[in-house]
Structures are given as structure tokens and as C-alpha cells.
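Visitor: Pasting in a structure now, in C-alpha cells, and then I'll have a few things to ask.
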Amino acid sequence: MSWHVDEPILDLYASGTLGDPAVYSVEAHLVTCTRCRGELSTRVDESRLDRIWVGVRDRVDAPRAGIVERLLVQAGIPSHVVRLLMTTPSLRPSWVVSVAVSLAFAVLADRLVGAGALPFLVLAPLVPVVGIAAAFARPIDPVWEIGAATPLGGFRLTMIRAAAVLVLSVALAGVAALGLPEPGWTLVAWLLPSLGLTGLTLALSTTSAGMPNVAGAVAATWSVGVVLAEWLADQRLAAFDARGQVLLALIAVASIVVVVARRDAFERRVGA
Amino acid sequence: MNVTVEFTHLEKRYGRVRALDGVSCEVEPLVTGLLGPNGAGKTTLMRIAATVLAPDRGSVRLLGRDPSSATDRVEIRRRLGYMPQEPGFYRSFTTFAFVDYVAILKEMTDRASRHDEVRRVLTQVGLEDVANRKVKTLSGGMRRRLALAQALLGDPELLVLDEPTAGLDPEQRLRFRELISQLPLRTTVLLSTHQTEDVSALCERVIVLAGGEIRFDGTPPALAVTAGGRVWIADGRDDAALLAWRMGDGRYRHVGNPPPGATLVDPTIDDAYLLMVGDPSAQEGAAA
């Protein structure tokens with residue numbers, strides 16, 4: 001080798017303060033010069049190297065956040081909470097598409113048949129109920145058994161997922177409602193029922209009946225109840241009038257109280 | 001005696017099937033092997049130890065706490081690592097992302113320290129080079145090691161491993177033994193297995209479970225001794241034996257009631273286990 005890097009230049013390079021053109025020249029030389037590499041190794045701050053290495057390794061290994069994940073983090077949700085949400089079965093794209101299509105069909109039914117928004121108003125509050133049941137259905141969540149043995153896998157995970165499913169369901173239903181032929185008050189008539197039925201599902205799941213069974217019972221009771229209310233009152237959409245809205249609001253509030261009071265039930269064991 | 005796991009008169013039924021029938025034992029910070037045939041109740045007991053399943057009757061104490069109390073259950077889970085018999089994965093996740101997810105469930109919310117811990121356990125099980133590969137591309141043995149890695153997060157005091165070596169090749173099985181032997185001495189390891197070699201190589205204590213009942217509870221050498229006088233070698237096969245097979249030297253090794261004048265040999269854990277779960281008269285002897 002005909003020349004070697006001057007020691008002051010090596011010092012600047014080791015500290016990361018050498019200017020760009022000189023850096024390229026030094027690096028090209030280092031590739032072929034063992035002596036200069038040896039000199040450099042005595043000048044480098046090891047703790048700085050460790051920090052750089054950890055940063056590189058983390059960039060390579062760490063899970064890549066998708067666009068939805070990045071948006072949620074930017075919205076202020078802690079990154080570890082967002083990571084938990086990304087595994088919720090009923091927040092997967094396939095599920096979201098299925099829900100959107102179902103709601104769209106309900107709106108379409110009203111437009112084509114003139115059902116007075118009934119199909120949509122029955123379906124929309126059930127979307128979060130079914131979504132929450134799916135979020136915890138063992139056949140759908142393959143990691144349920146590992147999660148069940150962790151400290152966060154009970155009440156906190158349930159609430160995080162339930163809140164996310166509810167928010168997404170409300171957003172999808174809200175958009176779909178804009179397509180109703182005569183929106184009016186039906187634009188929001190499904191909202192309190194959504195909250196009430198979701199709360200009721202969570203509250204009843206604190207019993208030994210199990211989330212999927214409870215969700216099924218709530219869905220069936222709601223569907224039958226809407227039809228029954230209309231028949232008994234001889235009034236279109238009777239379940240969604242002022243009395244119905246107040247009742248479902250009270251159910252929502254009572255359910256929240258029950259869920260908080262019985263939060264220990266979410267730290268459940270199978271068969272308990 | 002520092003008891004970390006205590007089962008008292010545990011019973012568990014699935015319909016008409018009694019998975020556990022009055023199981024009682026105490027476990028210390030040792031490596032304890034749970035040996036038994038399919039349907040013995042091993043996985044049921046493992047799930048109870050991992051706070052995933054509740055018994056129908058009986059009491060459990062884990063790490064000094066009662067898992068029937070929700071508060072205690074959460075506290076136990078903070079100090080517990082569990083590898084199920086059939087672990088499920090999010091197949092589209094990378095190896096790193098999956099372990100990272102479980103680390104979050106174990107309340108490791110600081111990203112930097114969590115990622116350090118994830119790398120540590122992946123290195124422990126030899127999966128550091130496939131950290132970026134998706135789980136669905138991993139072989140069966142690698143997925144088993146991945147399941148083990150998530151159980152090791154946070155250096156748990158109680159490690160419940162259900163069939164940890166199933167599907168591992170001989171080298172991987174040896175590496176697993178090395179890993180277990182390097183765990184901190186305060187760790188209570190409860191592992192269920194079909195492999196008697198794992199028991200003899202790793203376990204300081206072995207519990208034989210069959211038909212929902214404990215048939216033996218002691219050290220591996222003591223288990224082998226229970227087959228004393230019931231293992232013999234002959235030039236030809238004796239059909240009266242419980243089991244007989246031809247060895248590499250052409251002679252037959254028999255397990256069962258030896259004929260008069262038989263050449264007895266020292267029994268192994270395999271012999272004792274076979275007699276214990278396959279021979280009714282041996283079961284009576286073990287219970288006595």
C-alpha cells in the first residue's frame with residue numbers, strides 16, 4: 001500500500017465528524033488496507049458503535065408497521081396498544097370488507113324494496129356485537145391459549161379490542177347510513193342501540209355462558225325484539241323511537257357498570 | 001421444602017371422561033417431568049398449572065398464590081411462561097413480530113427493552129437468523145422453538161412446557177436440554193413428554209400420569225428400579241412377555257414376568273414406564 005490515512009483524519013472519521021468527500025475516500029481505502037483498519041479500531045468509541053449497531057438491528061428486525069398502524073400511532077395511540085389491535089381478528093381487512101359489504105347490501109335492500117331502513121337499523125347495531133365475539137372466538141384467534149396465560153390477555157386486551165371494534169363498526173355504519181334513501185333521523189338511530197348491545201354483550205360475557213353464546217343470544221333477541229316491537233306498537237321502527245332509545249341508553253350505562261364491577265371475570269380460565 | 005406448585009385432589013371431567021381423578025402433588029424449583037400416554041391427563045394438568053384451565057374440584061397453588069382469585073391469577077401470569085402442546089401463531093407475522101406481540105401481552109411496553117428481550121430469547125432457542133422470516137415459512141421444529149421462545153420471555157419463575165420436544169430432531173432436542181439446564185436455579189420447570197430419554201436426561205423428578213391418576217412420583221432412577229426383576233434377555237422371543245423386541249446383537253429383550261431361570265438385566269426408565277402404564281399387575285405394585 002503506497003499511502004495510509006493520516007492519524008488526524010482517522011480521528012475525525014472515527015468520531016463521525018469527517019466531511020463527506022473525505023469520508024468516501026477514507027472508506028474506499030479502508031476496504032483494502034488492513035493496517036488502517038487496525039488503526040481505526042483503536043480510535044472508535046465502542047459505546048457509540050454499540051448504539052449504532054442496536055439501531056441498525058432494530059430497523060432490520062423490528063416488525064414493520066403498516067400504514068394503518070403508523071396512522072394510529074400518529075393519532076396518539078401507544079405503539080404497543082396498536083400492535084395488539086393489529087392481531088384482532090375482526091379488524092382484519094377481510095373482516096372489514098365483509099362488514100362493509102353487508103351494510104351496503106342492507107342499504108341497497110332499502111333502496112330497492114323500500115323497507116324503511118329496517119334491514120339497516122337491525123343490522124348496524126349487531127356489527128360490533130359480532131365483531132367482539134369474533135375477536136375472542138378461539139377458532140378464529142389461533143394464539144388464544146398463549147394469550148390466556150399472560151397478564152394482559154384478560155380484561156385489558158378485551159377492552160382494547162372491544163373499543164377498537166366498536167369504533168370501526170360505528171365508522172363503517174356511519175358511512176353506510178349516508179346511503180339510505182331517506183336518511184333523516186335514521187342516520188343516527190342505530191348508534192345508541194350499537195352501544196347498548198355492545199355493552200350488554202360484554203356484561204353478559206362475564207357469566208359462564210361464554211362470549212360467542214352471549215353474542216348469539218343478544219343478536220337473536222335484538223332481531224326478534226325489533227320485529228316484535230313493531231308488531232305490538234303497530235308502528236314502523238317502534239324499537240327506535242324515543243322510548244327505545246332511552247331504554248338502550250340505560251342498558252349501555254348499566255352494562256358499563258357491570259363490566260367494571262365484574263372485570264375480574266375477564267381474567268378467566270376455561271371451565272371456570 | 002420450597003413448594004412452588006401444589007395440586008390437591010384435582011378432578012377434571014370432559015363429559016364422561018375423567019381427565020384427572022384426585023391428582024395431588026407438590027413441585028419444587030426443579031425440572032419435573034410429567035410422563036404418560038395419550039389421554040393420561042397431562043395436557044389438562046399443564047393447562048391448570050398455566051392458569052388457562054380451572055379444575056372441577058380440588059385446589060391449586062402456584063408460586064404461593066391461588067389462581068382461583070383473579071387478582072392472584074394475573075400476578076401468577078406475570079411470573080409464568082407457558083408453551084401449549086399445540087401452540088397457534090399468526091402465520092403472517094415474522095418470527096420477531098410474533099414474539100414481540102407476546103412480549104406486549106406480558107406487559108413489556110417499552111419498545112427498546114422489549115426488543116432486546118425478544119432478541120435474547122430468539123438467540124436462546126437458535127432462531128436469531130430467521131427473525132425476519134414469516135412464521136408460515138418456518139419448519140415444524142422451528143415453530144416449536146418459536147413457541148418455546150415466547151415462553152422464556154421475562155425469565156419466568158414457573159415454566160410450563162407441554163410436549164416441548166415433539167417434532168424436534170435429535171440435535172434440536174440436545175440443544176433444548178442445554179437450554180433448560182442453563183435456566184436460573186430458581187426456575188420451576190414442569191414439562192410433559194412422551195420421551196423417556198428427555199426425562200432421564202433432564203428431570204430431577206418424574207411423575208407418571210395414566211388414566212387421570214398419578215402412578216409414580218419420584219426420581220428417574222427410582223422409577224427405573226420399580227421394574228427390577230422384570231426385564232430379561234433371551235436368545236429367542238418369549239410370547240408370554242408384555243413386550244419383546246430384537247436388539248442389535250440378535251438377542252431379545254423382554255419386559256414382563258420373567259420365566260424361571262431367565263437372564264435378568266438392569267431395567268431402564270422405558271421398561272418401568274411400560275410396565276406402569278401397560279401392565280395392570282405393575283400398576284398395583286407401584287401404588288403399594
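Residue numbering restarts at 1 in every chain; chains get A, B, ... in the order shown in the C-alpha cells, and ligands count up from 1 in that same order.
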With only C-alpha atoms counted and 7 Å as the cut-off, give the residues of chain B in contact with chain A, each with its shortest interatomic distance in Å and the pair that gives it, as JSON lines.

Guide:
```
{"residue": "B:Ala50", "atom": "CA", "partner": "A:Ala149", "partner_atom": "CA", "distance": 6.1}
{"residue": "B:Thr51", "atom": "CA", "partner": "A:Ala149", "partner_atom": "CA", "distance": 6.2}
{"residue": "B:Val52", "atom": "CA", "partner": "A:Arg269", "partner_atom": "CA", "distance": 4.9}
{"residue": "B:Leu53", "atom": "CA", "partner": "A:Val270", "partner_atom": "CA", "distance": 4.8}
{"residue": "B:Ala54", "atom": "CA", "partner": "A:Ala272", "partner_atom": "CA", "distance": 5.3}
{"residue": "B:Ala70", "atom": "CA", "partner": "A:Asp264", "partner_atom": "CA", "distance": 5.4}
{"residue": "B:Val74", "atom": "CA", "partner": "A:Pro151", "partner_atom": "CA", "distance": 5.0}
{"residue": "B:Arg77", "atom": "CA", "partner": "A:Thr150", "partner_atom": "CA", "distance": 5.1}
{"residue": "B:Arg78", "atom": "CA", "partner": "A:Pro151", "partner_atom": "CA", "distance": 5.7}
{"residue": "B:Tyr82", "atom": "CA", "partner": "A:Ala149", "partner_atom": "CA", "distance": 6.8}
{"residue": "B:Pro84", "atom": "CA", "partner": "A:Ile146", "partner_atom": "CA", "distance": 6.9}
{"residue": "B:Gly88", "atom": "CA", "partner": "A:Pro142", "partner_atom": "CA", "distance": 4.6}
{"residue": "B:Phe89", "atom": "CA", "partner": "A:Val143", "partner_atom": "CA", "distance": 5.6}
{"residue": "B:Tyr90", "atom": "CA", "partner": "A:Pro142", "partner_atom": "CA", "distance": 6.9}
{"residue": "B:Phe96", "atom": "CA", "partner": "A:Asp61", "partner_atom": "CA", "distance": 6.6}
{"residue": "B:Ala97", "atom": "CA", "partner": "A:Pro63", "partner_atom": "CA", "distance": 5.1}
{"residue": "B:Tyr101", "atom": "CA", "partner": "A:Arg83", "partner_atom": "CA", "distance": 6.9}
{"residue": "B:Ile104", "atom": "CA", "partner": "A:His80", "partner_atom": "CA", "distance": 6.4}
{"residue": "B:Leu105", "atom": "CA", "partner": "A:Leu152", "partner_atom": "CA", "distance": 4.8}
{"residue": "B:Lys106", "atom": "CA", "partner": "A:Thr150", "partner_atom": "CA", "distance": 5.6}
{"residue": "B:Glu107", "atom": "CA", "partner": "A:Leu152", "partner_atom": "CA", "distance": 6.4}
{"residue": "B:Thr109", "atom": "CA", "partner": "A:His80", "partner_atom": "CA", "distance": 6.1}
{"residue": "B:Ala131", "atom": "CA", "partner": "A:Asp61", "partner_atom": "CA", "distance": 6.4}
{"residue": "B:Asn132", "atom": "CA", "partner": "A:Asp61", "partner_atom": "CA", "distance": 6.0}
```

Visitor: Using N, CA and C atoms, can you write the selected residues to a file as a CSV table (one decimal), in the first residue's frame?

Guide:
```
chain,number,residue,atom,x,y,z
B,50,ALA,N,-50.9,-23.7,34.1
B,50,ALA,CA,-50.7,-22.4,33.3
B,50,ALA,C,-51.8,-21.4,33.5
B,51,THR,N,-52.7,-21.7,34.4
B,51,THR,CA,-53.9,-20.9,34.7
B,51,THR,C,-54.8,-20.7,33.6
B,52,VAL,N,-54.8,-21.6,32.6
B,52,VAL,CA,-55.7,-21.4,31.4
B,52,VAL,C,-56.9,-22.2,31.7
B,53,LEU,N,-56.8,-23.2,32.5
B,53,LEU,CA,-58.0,-24.1,32.8
B,53,LEU,C,-58.2,-24.2,34.3
B,54,ALA,N,-59.5,-24.3,34.6
B,54,ALA,CA,-59.9,-24.4,36.0
B,54,ALA,C,-60.3,-25.9,36.3
B,70,ALA,N,-58.9,-13.9,40.8
B,70,ALA,CA,-58.5,-13.2,39.6
B,70,ALA,C,-57.2,-12.4,39.8
B,74,VAL,N,-53.6,-13.0,37.7
B,74,VAL,CA,-52.8,-12.0,37.0
B,74,VAL,C,-51.4,-12.0,37.5
B,77,ARG,N,-49.5,-15.0,36.3
B,77,ARG,CA,-49.2,-14.9,34.9
B,77,ARG,C,-48.0,-14.0,34.6
B,78,ARG,N,-47.7,-13.0,35.5
B,78,ARG,CA,-46.6,-12.1,35.4
B,78,ARG,C,-45.3,-12.9,35.6
B,82,TYR,N,-45.6,-20.2,29.4
B,82,TYR,CA,-46.4,-21.3,29.0
B,82,TYR,C,-46.2,-21.6,27.6
B,84,PRO,N,-47.9,-24.2,25.0
B,84,PRO,CA,-49.0,-25.2,24.9
B,84,PRO,C,-48.6,-26.4,24.0
B,88,GLY,N,-50.6,-21.9,18.7
B,88,GLY,CA,-51.0,-21.3,17.5
B,88,GLY,C,-50.2,-20.1,17.2
B,89,PHE,N,-50.1,-19.7,16.0
B,89,PHE,CA,-49.3,-18.5,15.6
B,89,PHE,C,-50.1,-17.6,14.6
B,90,TYR,N,-49.7,-16.4,14.5
B,90,TYR,CA,-50.2,-15.5,13.5
B,90,TYR,C,-49.2,-15.8,12.3
B,96,PHE,N,-39.8,-12.5,14.7
B,96,PHE,CA,-39.6,-11.4,15.7
B,96,PHE,C,-40.9,-10.8,16.1
B,97,ALA,N,-41.8,-10.5,15.1
B,97,ALA,CA,-43.0,-9.8,15.4
B,97,ALA,C,-43.9,-10.6,16.3
B,101,TYR,N,-45.2,-9.5,20.0
B,101,TYR,CA,-46.6,-9.5,20.3
B,101,TYR,C,-46.8,-10.1,21.7
B,104,ILE,N,-45.6,-8.0,24.5
B,104,ILE,CA,-46.5,-6.9,24.9
B,104,ILE,C,-47.6,-7.5,25.8
B,105,LEU,N,-48.1,-8.7,25.5
B,105,LEU,CA,-49.1,-9.3,26.4
B,105,LEU,C,-48.5,-9.6,27.8
B,106,LYS,N,-47.2,-9.7,27.8
B,106,LYS,CA,-46.5,-9.9,29.1
B,106,LYS,C,-46.1,-8.5,29.7
B,107,GLU,N,-46.8,-7.5,29.3
B,107,GLU,CA,-46.6,-6.1,29.8
B,107,GLU,C,-45.3,-5.5,29.6
B,109,THR,N,-43.9,-3.0,27.8
B,109,THR,CA,-44.4,-1.9,26.9
B,109,THR,C,-43.3,-1.0,26.4
B,131,ALA,N,-35.2,-14.2,12.3
B,131,ALA,CA,-36.0,-13.3,12.9
B,131,ALA,C,-37.0,-12.6,11.9
B,132,ASN,N,-36.5,-12.4,10.7
B,132,ASN,CA,-37.3,-11.7,9.7
B,132,ASN,C,-38.1,-12.6,8.8
```

Visitor: DSSP on the backbone, alpha helix (DSSP H) only: what residues of range 39-244 of chain A does that give? Format it as a PyMOL selection string.

Guide: chain A and resi 39-41+46-61+67-74+79-85+93-113+118-123+126-136+144-148+155-177+191-204+211-233+242-244

Visitor: Return as a tab-separated table the residues of range 21-130 of chain B lying at most 12 Å from range 172-180 of chain B, together with the closest atom-to-atom pair for each and the distance in Å to one decimal, counting only C-alpha atoms, with rows in chain order and ascending residue number.

Guide:
```
residue	atom	partner	partner_atom	distance
B:Leu30	CA	B:Ile180	CA	10.6
B:Val31	CA	B:Ile180	CA	8.3
B:Thr32	CA	B:Ile180	CA	11.4
B:Val121	CA	B:Leu179	CA	10.6
B:Leu122	CA	B:Leu179	CA	11.9
B:Thr123	CA	B:Leu179	CA	10.7
B:Gln124	CA	B:Leu179	CA	7.1
B:Val125	CA	B:Leu179	CA	7.5
B:Gly126	CA	B:Arg175	CA	8.8
B:Leu127	CA	B:Gln172	CA	11.5
```

Visitor: What lies within 12 Å of Gly131 in chain A using only C-alpha atoms, ignoring chain neighbours under 2 positions off, as a ChimeraX atom specification?

Guide: /A:88-92,95-96,98-99,124-129,133-137,140,158,161-170,194,197-198,201-202,211-212,215-216,219

Visitor: Name the closest residue to Leu275 in chain B among the candidates B:Arg230, B:Arg253, B:Leu191, B:Asp155; distances are taken between atoms, counting only C-alpha atoms.

Guide: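 Using only C-alpha atoms, Leu275 in chain B sits closest to B:Arg230.
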
Visitor: Could you tell me which of A:Phe105, A:Val68, A:Arg37, A:Ala239 comes closest to Gly179 in chain A if we count only C-alpha atoms?

Guide: A:Phe105

Visitor: Just the residues within 10 Å of Gly39 in chain B, please, counting only C-alpha atoms, with nothing from its chain fewer than 6 positions along; format it as a list in words.

Guide: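 My reading of the contact set: Val17, Arg18, Ala19, Leu20, Leu209, Ala210, Gly211 and Gly212 of chain B.
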
Visitor: Just to be explicit: take each residue in the selection above, keep C-alpha atoms, and write the result as a PDB file, in the first residue's frame.

Guide:
```pdb
ATOM      1  CA  VAL B  17     -64.219 -38.867  30.555  1.00  0.00           C
ATOM      2  CA  ARG B  18     -62.317 -38.283  33.792  1.00  0.00           C
ATOM      3  CA  ALA B  19     -59.186 -36.468  32.698  1.00  0.00           C
ATOM      4  CA  LEU B  20     -57.934 -36.013  36.266  1.00  0.00           C
ATOM      5  CA  LEU B 209     -49.710 -40.000  34.965  1.00  0.00           C
ATOM      6  CA  ALA B 210     -52.105 -42.524  33.465  1.00  0.00           C
ATOM      7  CA  GLY B 211     -55.882 -42.628  33.426  1.00  0.00           C
ATOM      8  CA  GLY B 212     -56.025 -39.325  35.292  1.00  0.00           C
TER       9      GLY B 212
END
```

Visitor: May I ask for the distance between CA of Asn257 in chain B and CA of Ala240 in chain B, given in Å to one decimal place?

Guide: 7.8 Å

Visitor: For range 226-235 of chain A, please output as a PyMOL selection string all residues within 12 Å (counting only C-alpha atoms; exclusion window: fewer than 4 positions along the same chain).

Guide: chain A and resi 116+118-123+125+190+193+219-222+239-241+243-244

Visitor: Mind dumping the selected residues with C-alpha atoms as a PDB file, in the first residue's frame?

Guide:
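The resulting file, selection_20.pdb, is reproduced below:
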```pdb
ATOM      1  CA  GLY A 116     -87.886   1.917   5.501  1.00  0.00           C
ATOM      2  CA  LEU A 118     -85.371  -1.573   8.835  1.00  0.00           C
ATOM      3  CA  PRO A 119     -82.741  -4.006   7.495  1.00  0.00           C
ATOM      4  CA  PHE A 120     -80.012  -1.464   8.069  1.00  0.00           C
ATOM      5  CA  LEU A 121     -81.227  -0.461  11.519  1.00  0.00           C
ATOM      6  CA  VAL A 122     -81.409  -4.099  12.628  1.00  0.00           C
ATOM      7  CA  LEU A 123     -78.005  -4.970  11.178  1.00  0.00           C
ATOM      8  CA  PRO A 125     -76.082  -2.441  15.943  1.00  0.00           C
ATOM      9  CA  TRP A 190     -78.694   2.858  15.197  1.00  0.00           C
ATOM     10  CA  PRO A 193     -78.574   0.505  20.037  1.00  0.00           C
ATOM     11  CA  ALA A 219     -78.232 -10.844  18.291  1.00  0.00           C
ATOM     12  CA  ALA A 220     -81.246 -13.146  18.231  1.00  0.00           C
ATOM     13  CA  THR A 221     -83.066 -11.250  20.969  1.00  0.00           C
ATOM     14  CA  TRP A 222     -82.431  -7.924  19.269  1.00  0.00           C
ATOM     15  CA  ALA A 239     -87.875  -0.023  18.665  1.00  0.00           C
ATOM     16  CA  PHE A 240     -86.023   3.102  17.548  1.00  0.00           C
ATOM     17  CA  ASP A 241     -88.429   5.707  18.875  1.00  0.00           C
ATOM     18  CA  ARG A 243     -88.588   5.206  24.429  1.00  0.00           C
ATOM     19  CA  GLY A 244     -86.479   2.638  22.628  1.00  0.00           C
TER      20      GLY A 244
END
```

Visitor: To one decimal place in Å, what is the distance between CA of Leu158 in chain B and CA of Val118 in chain B?

Guide: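 Separation of CA of Leu158 in chain B and CA of Val118 in chain B: 18.6 Å.
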
Visitor: From the options B:Gly64, B:Pro55, B:Gly81, B:Pro220, which residue's atoms come nearest to Val160 in chain B, counting only C-alpha atoms?

Guide: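 Comparing B:Gly64, B:Pro55, B:Gly81, B:Pro220 against Val160 in chain B, the winner is B:Gly81.
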